[in-house]
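Structure data follow from run37.cif (mmCIF, C-alpha atoms):
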```cif
data_final
#
loop_
_atom_site.label_atom_id
_atom_site.label_comp_id
_atom_site.auth_asym_id
_atom_site.auth_seq_id
_atom_site.Cartn_x
_atom_site.Cartn_y
_atom_site.Cartn_z
CA MET Y 1 -1.42 -14.38 37.60
CA ARG Y 2 -0.98 -10.71 36.65
CA ILE Y 3 0.65 -9.89 39.97
CA LEU Y 4 2.84 -13.00 39.87
CA THR Y 5 4.19 -12.17 36.38
CA ALA Y 6 4.86 -8.56 37.38
CA VAL Y 7 6.71 -9.71 40.53
CA ILE Y 8 8.81 -12.17 38.49
CA ALA Y 9 9.70 -9.54 35.86
CA ILE Y 10 10.60 -6.90 38.45
CA ALA Y 11 12.59 -9.29 40.68
CA VAL Y 12 14.54 -10.84 37.79
CA GLY Y 13 15.16 -7.45 36.17
CA SER Y 14 16.37 -5.90 39.43
CA MET Y 15 18.77 -8.76 40.19
CA VAL Y 16 20.22 -8.76 36.65
CA LEU Y 17 20.60 -4.97 36.77
CA LEU Y 18 22.27 -5.07 40.20
CA GLY Y 19 24.81 -7.51 38.78
CA TYR Y 20 26.13 -4.73 36.50
CA PHE Y 21 26.83 -2.42 39.43
CA SER Y 22 27.71 -4.74 42.35
CA THR Y 23 30.05 -7.72 42.36
CA SER Y 24 27.91 -9.47 45.01
CA PHE Y 25 25.19 -10.06 42.41
CA ILE Y 26 27.39 -11.31 39.57
CA ASN Y 27 26.77 -15.03 40.23
CA ILE Y 28 23.00 -14.67 40.40
CA GLN Y 29 23.11 -12.39 37.33
CA THR Y 30 25.08 -15.01 35.35
CA LEU Y 31 22.65 -17.74 36.38
CA LEU Y 32 19.58 -15.68 35.46
CA LEU Y 33 21.06 -14.59 32.13
CA ASN Y 34 21.94 -18.23 31.34
CA TRP Y 35 18.32 -19.19 31.99
CA ALA Y 36 17.16 -16.24 29.87
CA ILE Y 37 19.35 -17.41 26.97
CA ILE Y 38 17.80 -20.90 27.23
CA LEU Y 39 14.28 -19.47 27.33
CA ALA Y 40 15.04 -17.17 24.37
CA GLY Y 41 16.25 -20.24 22.44
CA VAL Y 42 13.07 -22.14 23.27
CA ALA Y 43 10.98 -19.07 22.32
CA ALA Y 44 12.78 -18.94 18.95
CA LEU Y 45 12.06 -22.64 18.40
CA ALA Y 46 8.40 -22.01 19.30
CA GLY Y 47 8.43 -19.24 16.68
CA VAL Y 48 9.78 -21.64 14.05
CA PHE Y 49 7.11 -24.17 15.03
CA ASN Y 50 4.49 -21.43 14.67
CA LEU Y 51 5.81 -20.71 11.15
CA ILE Y 52 5.33 -24.39 10.27
CA THR Y 53 1.81 -24.35 11.74
CA VAL Y 54 0.74 -21.20 9.84
CA HIS Y 55 2.06 -22.42 6.48
CA GLY Y 56 0.88 -25.99 7.19
CA ASN Y 57 -2.66 -24.63 7.65
CA LYS Y 58 -2.39 -22.75 4.34
CA VAL Y 59 -1.42 -26.00 2.60
CA ARG Y 60 -4.21 -27.99 4.32
CA GLN Y 61 -6.85 -25.43 3.35
CA ALA Y 62 -5.42 -25.30 -0.19
CA GLU Y 63 -5.28 -21.51 -0.12
CA LYS Y 64 -4.05 -19.46 -3.08
CA ASN Y 65 -0.26 -19.79 -3.55
CA SER Y 66 -0.16 -22.64 -1.00
CA ILE Y 67 2.48 -24.36 -3.15
CA TYR Y 68 4.99 -21.81 -1.86
CA SER Y 69 3.95 -22.58 1.72
CA ALA Y 70 4.48 -26.30 1.02
CA VAL Y 71 7.97 -25.55 -0.31
CA LEU Y 72 8.72 -23.48 2.80
CA VAL Y 73 7.55 -26.19 5.21
CA ILE Y 74 9.40 -28.98 3.38
CA SER Y 75 12.65 -27.02 3.12
CA LEU Y 76 12.39 -25.97 6.78
CA ILE Y 77 11.79 -29.48 8.13
CA ALA Y 78 14.42 -31.03 5.84
CA THR Y 79 17.08 -28.48 6.87
CA PHE Y 80 16.21 -28.83 10.56
CA ILE Y 81 16.40 -32.65 10.47
CA LEU Y 82 19.69 -32.52 8.55
CA GLY Y 83 21.03 -29.98 11.04
CA ILE Y 84 20.02 -32.12 14.02
CA ILE Y 85 21.48 -35.33 12.57
CA LEU Y 86 24.64 -33.91 10.99
CA ARG Y 87 25.21 -30.79 13.17
CA PRO Y 88 25.60 -27.28 11.64
CA GLN Y 89 29.39 -27.66 11.11
CA HIS Y 90 28.97 -30.66 8.79
CA ALA Y 91 30.06 -30.27 5.14
CA VAL Y 92 26.51 -30.76 3.85
CA MET Y 93 25.21 -28.00 6.13
CA GLN Y 94 28.06 -25.78 4.93
CA VAL Y 95 26.87 -26.41 1.34
CA ILE Y 96 23.41 -25.20 2.38
CA LEU Y 97 24.93 -22.16 4.09
CA ASN Y 98 27.39 -21.20 1.34
CA GLY Y 99 25.27 -22.34 -1.61
CA ILE Y 100 21.86 -20.99 -0.62
CA ILE Y 101 21.69 -18.81 2.50
CA LEU Y 102 24.68 -16.51 1.90
CA PRO Y 103 24.17 -16.02 -1.89
CA VAL Y 104 20.46 -15.24 -1.40
CA GLU Y 105 21.22 -12.76 1.38
CA SER Y 106 23.93 -11.16 -0.72
CA THR Y 107 21.71 -10.96 -3.83
CA LEU Y 108 18.83 -9.48 -1.83
CA MET Y 109 21.31 -6.90 -0.52
CA GLY Y 110 22.36 -6.26 -4.14
CA LEU Y 111 18.72 -5.72 -5.15
CA LEU Y 112 18.67 -2.86 -2.65
CA THR Y 113 20.77 -0.93 -5.18
CA ILE Y 114 17.73 -0.58 -7.40
CA THR Y 115 15.13 -0.07 -4.67
CA LEU Y 116 17.24 2.51 -2.81
CA LEU Y 117 17.84 4.47 -6.00
CA TYR Y 118 14.11 4.43 -6.72
CA ALA Y 119 13.33 5.49 -3.13
CA GLY Y 120 15.85 8.36 -3.34
CA ILE Y 121 14.22 9.68 -6.53
CA ARG Y 122 10.74 9.33 -5.06
CA LEU Y 123 11.80 11.27 -1.97
CA LEU Y 124 12.61 14.35 -4.03
CA ARG Y 125 9.37 14.08 -6.01
CA ARG Y 126 7.13 13.60 -2.98
CA ARG Y 127 8.68 15.70 -0.23
CA VAL Y 128 10.91 18.68 -0.76
CA ASP Y 129 11.84 20.17 2.60
CA VAL Y 130 15.01 21.10 4.46
CA MET Y 131 15.67 17.54 5.62
CA SER Y 132 15.25 15.90 2.21
CA ILE Y 133 17.36 18.59 0.49
CA PHE Y 134 20.23 18.10 2.96
CA PHE Y 135 19.74 14.33 2.69
CA ILE Y 136 20.24 14.39 -1.08
CA ILE Y 137 23.08 16.94 -1.01
CA SER Y 138 25.07 14.97 1.58
CA ALA Y 139 24.43 11.65 -0.22
CA VAL Y 140 25.62 13.13 -3.53
CA ILE Y 141 28.73 14.64 -1.89
CA ILE Y 142 29.59 11.27 -0.31
CA PHE Y 143 29.10 9.50 -3.66
CA LEU Y 144 31.23 12.03 -5.51
CA GLY Y 145 33.87 11.99 -2.78
CA SER Y 146 34.04 8.18 -2.80
CA ALA Y 147 34.23 7.90 -6.60
CA THR Y 148 37.68 6.98 -7.79
CA LEU Y 149 38.52 8.61 -11.11
CA PRO Y 150 41.50 7.56 -13.25
CA SER Y 151 43.24 10.72 -12.04
CA GLY Y 152 42.53 9.92 -8.38
CA ASP Y 153 40.11 11.54 -5.93
CA ILE Y 154 37.99 14.51 -7.00
CA PRO Y 155 39.86 17.55 -5.65
CA LEU Y 156 38.35 19.23 -2.60
CA ILE Y 157 35.24 17.01 -2.48
CA GLY Y 158 37.13 13.74 -2.05
CA THR Y 159 39.88 15.06 0.16
CA LEU Y 160 38.23 17.74 2.30
CA VAL Y 161 34.44 18.04 2.04
CA ARG Y 162 33.53 14.33 2.22
CA PRO Y 163 35.65 13.54 5.35
CA TRP Y 164 34.45 16.76 7.03
CA LEU Y 165 30.81 15.98 6.25
CA SER Y 166 30.94 12.33 7.31
CA GLN Y 167 33.25 12.68 10.32
CA ILE Y 168 31.97 15.95 11.82
CA TRP Y 169 28.49 16.92 10.60
CA ALA Y 170 27.13 13.40 10.26
CA MET Y 171 28.79 12.37 13.51
CA GLY Y 172 26.94 15.15 15.37
CA GLY Y 173 23.59 14.06 13.97
CA ALA Y 174 24.31 10.35 14.41
CA ARG Y 175 25.38 10.89 18.01
CA GLY Y 176 22.18 12.85 18.69
CA ILE Y 177 20.06 10.08 17.15
CA LEU Y 178 21.99 7.37 19.05
CA ILE Y 179 21.64 9.16 22.38
CA GLY Y 180 17.94 9.73 21.67
CA VAL Y 181 17.42 6.04 20.87
CA ALA Y 182 19.35 5.03 23.99
CA LEU Y 183 17.29 7.41 26.16
CA GLY Y 184 14.09 5.93 24.70
CA THR Y 185 15.37 2.41 25.33
CA LEU Y 186 16.37 3.32 28.88
CA VAL Y 187 12.94 4.77 29.67
CA THR Y 188 11.14 1.76 28.16
CA GLY Y 189 13.36 -0.62 30.16
CA LEU Y 190 12.68 1.31 33.36
CA ARG Y 191 8.93 1.28 32.67
CA VAL Y 192 9.09 -2.51 32.34
CA LEU Y 193 11.20 -2.76 35.48
CA PHE Y 194 8.75 -0.64 37.48
CA GLY Y 195 5.82 -2.70 36.20
CA VAL Y 196 4.24 0.25 34.33
CA GLU Y 197 4.66 -1.55 31.00
CA ARG Y 198 3.79 -5.27 30.94
CA PRO Y 199 4.39 -6.73 27.47
CA TYR Y 200 4.27 -10.29 28.88
CA GLY Y 201 0.51 -10.03 29.51
CA GLY Y 202 -1.75 -8.05 31.85
CA LYS Y 203 -2.32 -4.30 31.87
CA MET W 1 31.90 -40.24 -10.55
CA ALA W 2 31.63 -38.43 -7.23
CA ILE W 3 30.38 -34.85 -7.48
CA SER W 4 32.39 -32.49 -5.31
CA LEU W 5 30.65 -30.41 -2.66
CA ASP W 6 32.29 -27.28 -4.11
CA LEU W 7 30.57 -27.90 -7.43
CA ILE W 8 27.19 -28.38 -5.72
CA THR W 9 27.76 -25.17 -3.74
CA GLY W 10 28.64 -23.30 -6.95
CA VAL W 11 25.61 -24.62 -8.85
CA LEU W 12 23.22 -23.84 -5.98
CA SER W 13 24.72 -20.39 -5.54
CA PHE W 14 24.41 -19.72 -9.29
CA LEU W 15 20.78 -20.91 -9.44
CA PHE W 16 19.60 -19.02 -6.37
CA THR W 17 21.39 -15.83 -7.47
CA LEU W 18 19.63 -16.00 -10.84
CA MET W 19 16.27 -16.75 -9.18
CA ILE W 20 16.57 -13.74 -6.88
CA LEU W 21 17.88 -11.44 -9.64
CA SER W 22 14.80 -12.36 -11.70
CA TYR W 23 13.01 -9.82 -9.47
CA LEU W 24 14.57 -7.13 -11.68
CA ILE W 25 11.97 -7.99 -14.35
CA GLY W 26 9.18 -7.85 -11.73
CA ASP W 27 7.65 -10.09 -9.06
CA ASN W 28 7.48 -13.61 -10.51
CA PRO W 29 6.98 -17.25 -9.37
CA VAL W 30 10.70 -18.09 -9.63
CA PHE W 31 11.61 -15.23 -7.27
CA ARG W 32 8.85 -16.23 -4.85
CA LEU W 33 9.97 -19.85 -4.89
CA ALA W 34 13.53 -18.80 -4.06
CA VAL W 35 12.38 -16.50 -1.26
CA TYR W 36 10.09 -19.10 0.35
CA MET W 37 12.83 -21.73 0.14
CA PHE W 38 15.28 -19.24 1.62
CA ILE W 39 12.97 -18.52 4.56
CA GLY W 40 12.37 -22.24 5.17
CA ILE W 41 16.03 -23.21 4.90
CA THR W 42 17.23 -20.29 7.05
CA SER W 43 14.62 -21.01 9.73
CA GLY W 44 15.58 -24.71 9.78
CA TYR W 45 19.28 -23.84 9.90
CA ILE W 46 18.79 -21.35 12.75
CA ALA W 47 16.61 -23.86 14.63
CA SER W 48 19.36 -26.51 14.37
CA ILE W 49 21.97 -23.99 15.57
CA ILE W 50 19.75 -23.10 18.54
CA TRP W 51 19.44 -26.81 19.32
CA TRP W 52 23.18 -27.56 19.16
CA GLN W 53 24.59 -24.33 20.56
CA VAL W 54 22.00 -23.33 23.17
CA LEU W 55 19.58 -26.06 24.20
CA ALA W 56 21.85 -29.12 24.09
CA PRO W 57 24.87 -27.64 25.95
CA ARG W 58 23.01 -25.38 28.38
CA LEU W 59 19.77 -27.23 29.07
CA LEU W 60 19.96 -30.94 28.22
CA MET W 61 23.58 -31.92 28.89
CA PRO W 62 23.77 -30.50 32.45
CA LEU W 63 20.38 -32.05 33.27
CA LEU W 64 21.30 -35.74 33.57
CA PRO W 65 24.43 -35.37 35.75
CA ALA W 66 22.57 -32.93 38.03
CA LEU W 67 19.61 -35.27 38.42
CA LEU W 68 21.76 -38.37 39.01
CA SER W 69 24.44 -37.07 41.34
CA GLY W 70 23.85 -33.38 42.03
CA SER W 71 22.83 -31.66 45.26
CA ILE W 72 19.33 -30.24 45.74
CA VAL W 73 20.52 -26.78 44.61
CA GLU W 74 22.12 -28.22 41.46
CA LYS W 75 18.92 -30.12 40.69
CA VAL W 76 16.83 -26.97 41.08
CA ILE W 77 19.26 -25.00 38.88
CA ALA W 78 19.04 -27.68 36.17
CA ILE W 79 15.27 -28.20 36.33
CA THR W 80 14.11 -24.55 36.53
CA PRO W 81 15.00 -23.60 32.89
CA LEU W 82 13.40 -26.87 31.74
CA LEU W 83 10.22 -25.85 33.52
CA GLY W 84 10.46 -22.40 31.89
CA ALA W 85 10.94 -24.08 28.49
CA VAL W 86 7.79 -26.15 29.04
CA PHE W 87 5.91 -22.97 30.01
CA ILE W 88 7.04 -21.20 26.82
CA LEU W 89 5.98 -24.16 24.67
CA MET W 90 2.52 -23.81 26.23
CA LYS W 91 2.22 -20.55 24.28
CA LEU W 92 1.59 -22.70 21.21
CA SER W 93 -1.72 -23.82 22.72
CA PRO W 94 -4.42 -21.10 23.02
CA ARG W 95 -5.85 -22.79 26.15
CA LEU W 96 -2.53 -22.93 28.02
CA SER W 97 -0.95 -19.76 26.68
CA LYS W 98 -1.63 -17.84 29.93
CA ILE W 99 0.82 -20.07 31.81
CA ALA W 100 3.51 -19.11 29.28
CA SER W 101 3.34 -15.52 30.55
CA ILE W 102 5.33 -16.60 33.64
CA ALA W 103 8.32 -17.53 31.49
CA MET W 104 7.74 -14.51 29.24
CA ALA W 105 7.79 -12.25 32.33
CA PHE W 106 11.17 -13.76 33.27
CA LEU W 107 12.50 -13.10 29.76
CA VAL W 108 11.14 -9.56 29.60
CA GLY W 109 12.51 -8.70 33.06
CA ALA W 110 16.00 -9.99 32.21
CA GLY W 111 15.84 -8.32 28.78
CA ALA W 112 14.77 -4.98 30.26
CA ALA W 113 17.70 -5.04 32.71
CA VAL W 114 20.14 -5.88 29.92
CA ILE W 115 18.88 -3.06 27.65
CA ILE W 116 18.96 -0.55 30.51
CA ALA W 117 22.58 -1.42 31.27
CA GLY W 118 23.41 -1.58 27.55
CA ALA W 119 21.86 1.81 26.81
CA LEU W 120 23.56 3.42 29.79
CA ILE W 121 27.01 1.80 29.72
CA GLY W 122 27.18 1.07 26.01
CA THR W 123 25.69 4.18 24.43
CA ILE W 124 24.78 7.18 26.59
CA ILE W 125 27.94 7.46 28.72
CA PRO W 126 30.46 6.67 25.90
CA GLN W 127 28.72 8.98 23.40
CA ILE W 128 28.55 11.88 25.85
CA SER W 129 32.19 11.29 26.87
CA ALA W 130 33.25 11.25 23.21
CA THR W 131 31.43 14.54 22.61
CA ILE W 132 33.13 16.13 25.64
CA ASN W 133 36.56 14.74 24.68
CA PHE W 134 36.42 16.72 21.44
CA PHE W 135 37.04 19.85 23.52
CA ASP W 136 40.09 18.40 25.30
CA PRO W 137 43.15 20.41 24.11
CA GLN W 138 45.58 17.80 25.50
CA LEU W 139 44.04 15.05 23.36
CA ALA W 140 44.19 17.37 20.34
CA ALA W 141 47.87 18.09 21.02
CA GLN W 142 48.60 14.35 21.25
CA ARG W 143 47.07 13.87 17.81
CA ASN W 144 48.84 16.95 16.36
CA ILE W 145 45.60 18.76 15.58
CA ASN W 146 45.22 22.53 15.71
CA VAL W 147 43.29 23.64 18.84
CA ILE W 148 41.05 26.01 16.86
CA GLU W 149 40.18 23.24 14.40
CA VAL W 150 39.39 20.91 17.29
CA LEU W 151 37.18 23.48 19.02
CA GLY W 152 35.39 24.32 15.77
CA ASN W 153 34.70 20.68 14.92
CA GLY W 154 33.76 19.94 18.54
CA ALA W 155 31.28 22.84 18.49
CA ILE W 156 29.67 21.55 15.27
CA ILE W 157 29.33 18.07 16.79
CA LEU W 158 27.93 19.49 20.04
CA VAL W 159 25.38 21.61 18.14
CA GLY W 160 24.51 18.51 16.06
CA VAL W 161 23.95 16.37 19.16
CA VAL W 162 21.85 18.97 20.99
CA THR W 163 19.74 20.04 18.01
CA SER W 164 19.15 16.45 16.81
CA LEU W 165 17.90 15.59 20.30
CA GLY W 166 15.83 18.78 20.28
CA TYR W 167 14.18 17.73 17.03
CA PHE W 168 12.60 14.80 18.87
CA HIS W 169 11.15 17.05 21.58
CA PHE W 170 7.44 16.93 20.82
CA SER W 171 5.92 18.75 23.83
CA ALA W 172 3.65 21.51 22.51
CA ARG W 173 1.19 24.12 23.77
CA GLN W 174 -2.18 25.06 22.39
CA GLN W 175 -2.17 28.59 20.93
CA ALA W 176 -4.92 31.20 21.31
CA ASN W 177 -6.16 30.41 17.80
CA GLY W 178 -6.48 26.69 18.69
CA THR W 179 -3.40 25.46 16.80
CA VAL W 180 -0.82 23.35 18.61
CA ARG W 181 2.74 24.61 18.36
CA ARG W 182 6.08 23.95 20.00
CA PHE W 183 7.90 26.62 21.99
CA PHE W 184 9.66 29.09 19.63
CA LEU W 185 13.19 28.22 20.82
CA ILE W 186 12.49 24.49 20.40
CA GLU W 187 11.24 25.20 16.86
CA ILE W 188 14.55 26.87 15.98
CA ILE W 189 16.56 24.04 17.58
CA ALA W 190 14.42 21.46 15.75
CA PHE W 191 15.00 23.29 12.44
CA ILE W 192 18.78 23.12 12.88
CA GLY W 193 18.37 19.50 14.05
CA LYS W 194 16.58 18.73 10.78
CA ILE W 195 19.67 19.85 8.86
CA PHE W 196 21.92 17.59 10.93
CA ILE W 197 19.57 14.60 10.78
CA GLY W 198 19.09 15.02 7.02
CA THR W 199 22.86 15.18 6.53
CA THR W 200 23.41 12.14 8.76
CA LEU W 201 20.74 10.07 7.01
CA GLY W 202 22.21 11.10 3.63
CA VAL W 203 25.66 9.89 4.68
CA ILE W 204 24.17 6.62 6.04
CA PHE W 205 22.17 6.22 2.80
CA ALA W 206 25.33 6.64 0.75
CA GLY W 207 27.11 4.04 2.91
CA VAL W 208 24.30 1.51 2.64
CA TYR W 209 24.02 2.17 -1.12
CA ALA W 210 27.75 1.59 -1.57
CA THR W 211 27.46 -1.70 0.37
CA ALA W 212 24.46 -2.81 -1.71
CA LEU W 213 26.29 -1.90 -4.89
CA THR W 214 29.33 -3.91 -3.78
CA ALA W 215 27.09 -6.92 -3.04
CA PHE W 216 25.40 -6.53 -6.44
CA ILE W 217 28.74 -6.37 -8.28
CA GLU W 218 30.03 -9.38 -6.29
CA ARG W 219 26.96 -11.44 -7.29
CA ILE W 220 27.24 -10.48 -10.97
CA SER W 221 30.94 -11.30 -10.81
CA SER W 222 30.15 -14.72 -9.25
CA LEU W 223 27.75 -15.48 -12.13
CA ILE W 224 30.43 -14.58 -14.69
CA ASN W 225 33.07 -16.59 -12.79
CA PHE W 226 30.76 -19.60 -12.68
CA PHE W 227 30.60 -19.66 -16.48
CA GLY W 228 34.31 -18.90 -16.71
CA ASN W 229 35.13 -22.07 -14.76
CA PHE W 230 33.63 -24.31 -17.47
#
```
Show me the file's structure as structure tokens.
Amino acid sequence: MRILTAVIAIAVGSMVLLGYFSTSFINIQTLLLNWAIILAGVAALAGVFNLITVHGNKVRQAEKNSIYSAVLVISLIATFILGIILRPQHAVMQVILNGIILPVESTLMGLLTITLLYAGIRLLRRRVDVMSIFFIISAVIIFLGSATLPSGDIPLIGTLVRPWLSQIWAMGGARGILIGVALGTLVTGLRVLFGVERPYGGK
Amino acid sequence: MAISLDLITGVLSFLFTLMILSYLIGDNPVFRLAVYMFIGITSGYIASIIWWQVLAPRLLMPLLPALLSGSIVEKVIAITPLLGAVFILMKLSPRLSKIASIAMAFLVGAGAAVIIAGALIGTIIPQISATINFFDPQLAAQRNINVIEVLGNGAIILVGVVTSLGYFHFSARQQANGTVRRFFLIEIIAFIGKIFIGTTLGVIFAGVYATALTAFIERISSLINFFGNF
């Protein structure tokens, strides 16, 4: 089984990768990616089913705070059944989306205002080094530069320092981080493709 | 009297916003209830979208025509993902979960190829090209920017890219006194990289904070507007 899975992963990966560089492989690449999308969808559904199972077990065993798990399972199943019967574009599903999902996401994002502020203060108290000092200085400059006063932008900071910091200095660092992340991703992908890394099972 | 869907949306939005904002006074049952409901509803909503936008059109709808009137190749093309789907569902059973690794291997292989191409074509090549283009005097002339300014800014960006990458270079040698230390030049590069990374993270922090603040103000404004409409 271990050899079979490795052969499948390497063969599929190679054919999909070849599709990016040779037109002869585009059809097979499209077919394989279509199958991968289907399998990813099924895997996501299996994940949702696993969520129901885990919280269902908590309710059955009457664990502490199992009332919340019951609420989760009921709301999940009800929304899924409604979505299957009515389809996601239906007005009722749009009420669920615009009345619950989007406001909760937006409010949770809003709560970040408090937690980020707290985290920023804690950073200075816990770790004072070059990185954290530059972190705070650049954040403060960006805040000051973005603040709109009744008289307009703050001179120098708003018009010169903030754009220079965000478009030149931060761009250099961000590009370095991005390239580093991409190099890491590339190496991990190649390790999977060469069968060195086997996250699907087997060493 | 029929209740309009807009009113229901407004009431739900108002209630859930209040429930989530109750976290400001500390973790409490109302906040937890809202969060658990949110997770359940979002999961159910996403599951229904997966059903209608992925599984029904790509897996189920092509299946029947292919089985009834398709050629052998068409039948194989239609049945193979169904077989893979059955394999993945076997992951839910501890006894059969090993069979699921066949479908998982397929997914991981395809995913690895996509991320390799994405990292190469989507990030590494464009980012390196953009860094090089900063030194192109013709491009600077087209945008009416002073050549010295362009070279200066390009040099800062280049130093930022190289030193930020250098910061993540963790190869080290054991010293005579037993301590492990990076090569001296790498230490200097990493120090400069720290400055660039700290600056970058500070700018990103400020951006995320501004977004969070905008979302917070929008929610508070929606609460006020909700009362204002009555």
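Around stretch 207-223 of chain W, within 8 Å and counting all atoms listed in the file, the residues found are Pro103, Ser106, Thr107, Met109, Gly110, Leu111, Leu112, Thr113 and Leu116 of chain Y; Phe14 and Thr17 of chain W, once anything fewer than 6 positions away on its own chain is removed.
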Worksheet item: For the file shown, what are the residues hit by the PyMOL selection byres ((chain Y and resi 168-178) around 6), laid out as a ChimeraX atom specification?
Response: /Y:164-167,179-181 /W:157,160-161,164-165,196-197,199-200
Worksheet item: With all atoms listed in the file as the atoms that count, which of Y:Thr30, Y:Asn57, Y:Thr115, Y:Thr5 lies nearest to chain W?
Response: Y:Thr5
Could you name the residues that touch W:Pro29 at 10 Å or less, counting only C-alpha atoms, but leaving out those on the same chain fewer than 5 positions away, as an mmCIF file with C-alpha atoms, in the frame of the given file?
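The resulting file, selection.cif, is shown below:
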```cif
data_model
loop_
_atom_site.group_PDB
_atom_site.id
_atom_site.type_symbol
_atom_site.label_atom_id
_atom_site.label_comp_id
_atom_site.auth_asym_id
_atom_site.auth_seq_id
_atom_site.Cartn_x
_atom_site.Cartn_y
_atom_site.Cartn_z
ATOM 1 C CA ASN Y 65 -0.260 -19.790 -3.550
ATOM 2 C CA TYR Y 68 4.990 -21.810 -1.860
ATOM 3 C CA MET W 19 16.270 -16.750 -9.180
ATOM 4 C CA SER W 22 14.800 -12.360 -11.700
ATOM 5 C CA TYR W 23 13.010 -9.820 -9.470
ATOM 6 C CA ALA W 34 13.530 -18.800 -4.060
ATOM 7 C CA VAL W 35 12.380 -16.500 -1.260
#
```
Item to complete: Using all atoms listed in the file, determine which residues lie at most 9 Å from Y:Arg87, disregarding the query and same-chain residues fewer than 6 positions distant; provide the list as a VMD selection string.
Response: (chain Y and resid 93) or (chain W and resid 48 to 49 52)
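Taken over the whole file, the PyMOL selection byres ((chain Y and resi 2) around 10) covers exactly Met1, Ile3, Leu4, Thr5, Ala6, Val7, Arg198, Tyr200, Gly201, Gly202 and Lys203 of chain Y; Lys98, Ser101, Ile102 and Ala105 of chain W.
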Practice prompt. Kindly extract all protein, DNA and RNA residues lying within 10 Å of the coordinates (19.8, -13.0, 35.1) given in the file, considering all atoms listed in the file, and supply them as a ChimeraX atom specification.
Written response: /Y:11-19,25-37 /W:106-107,109-111,113-114
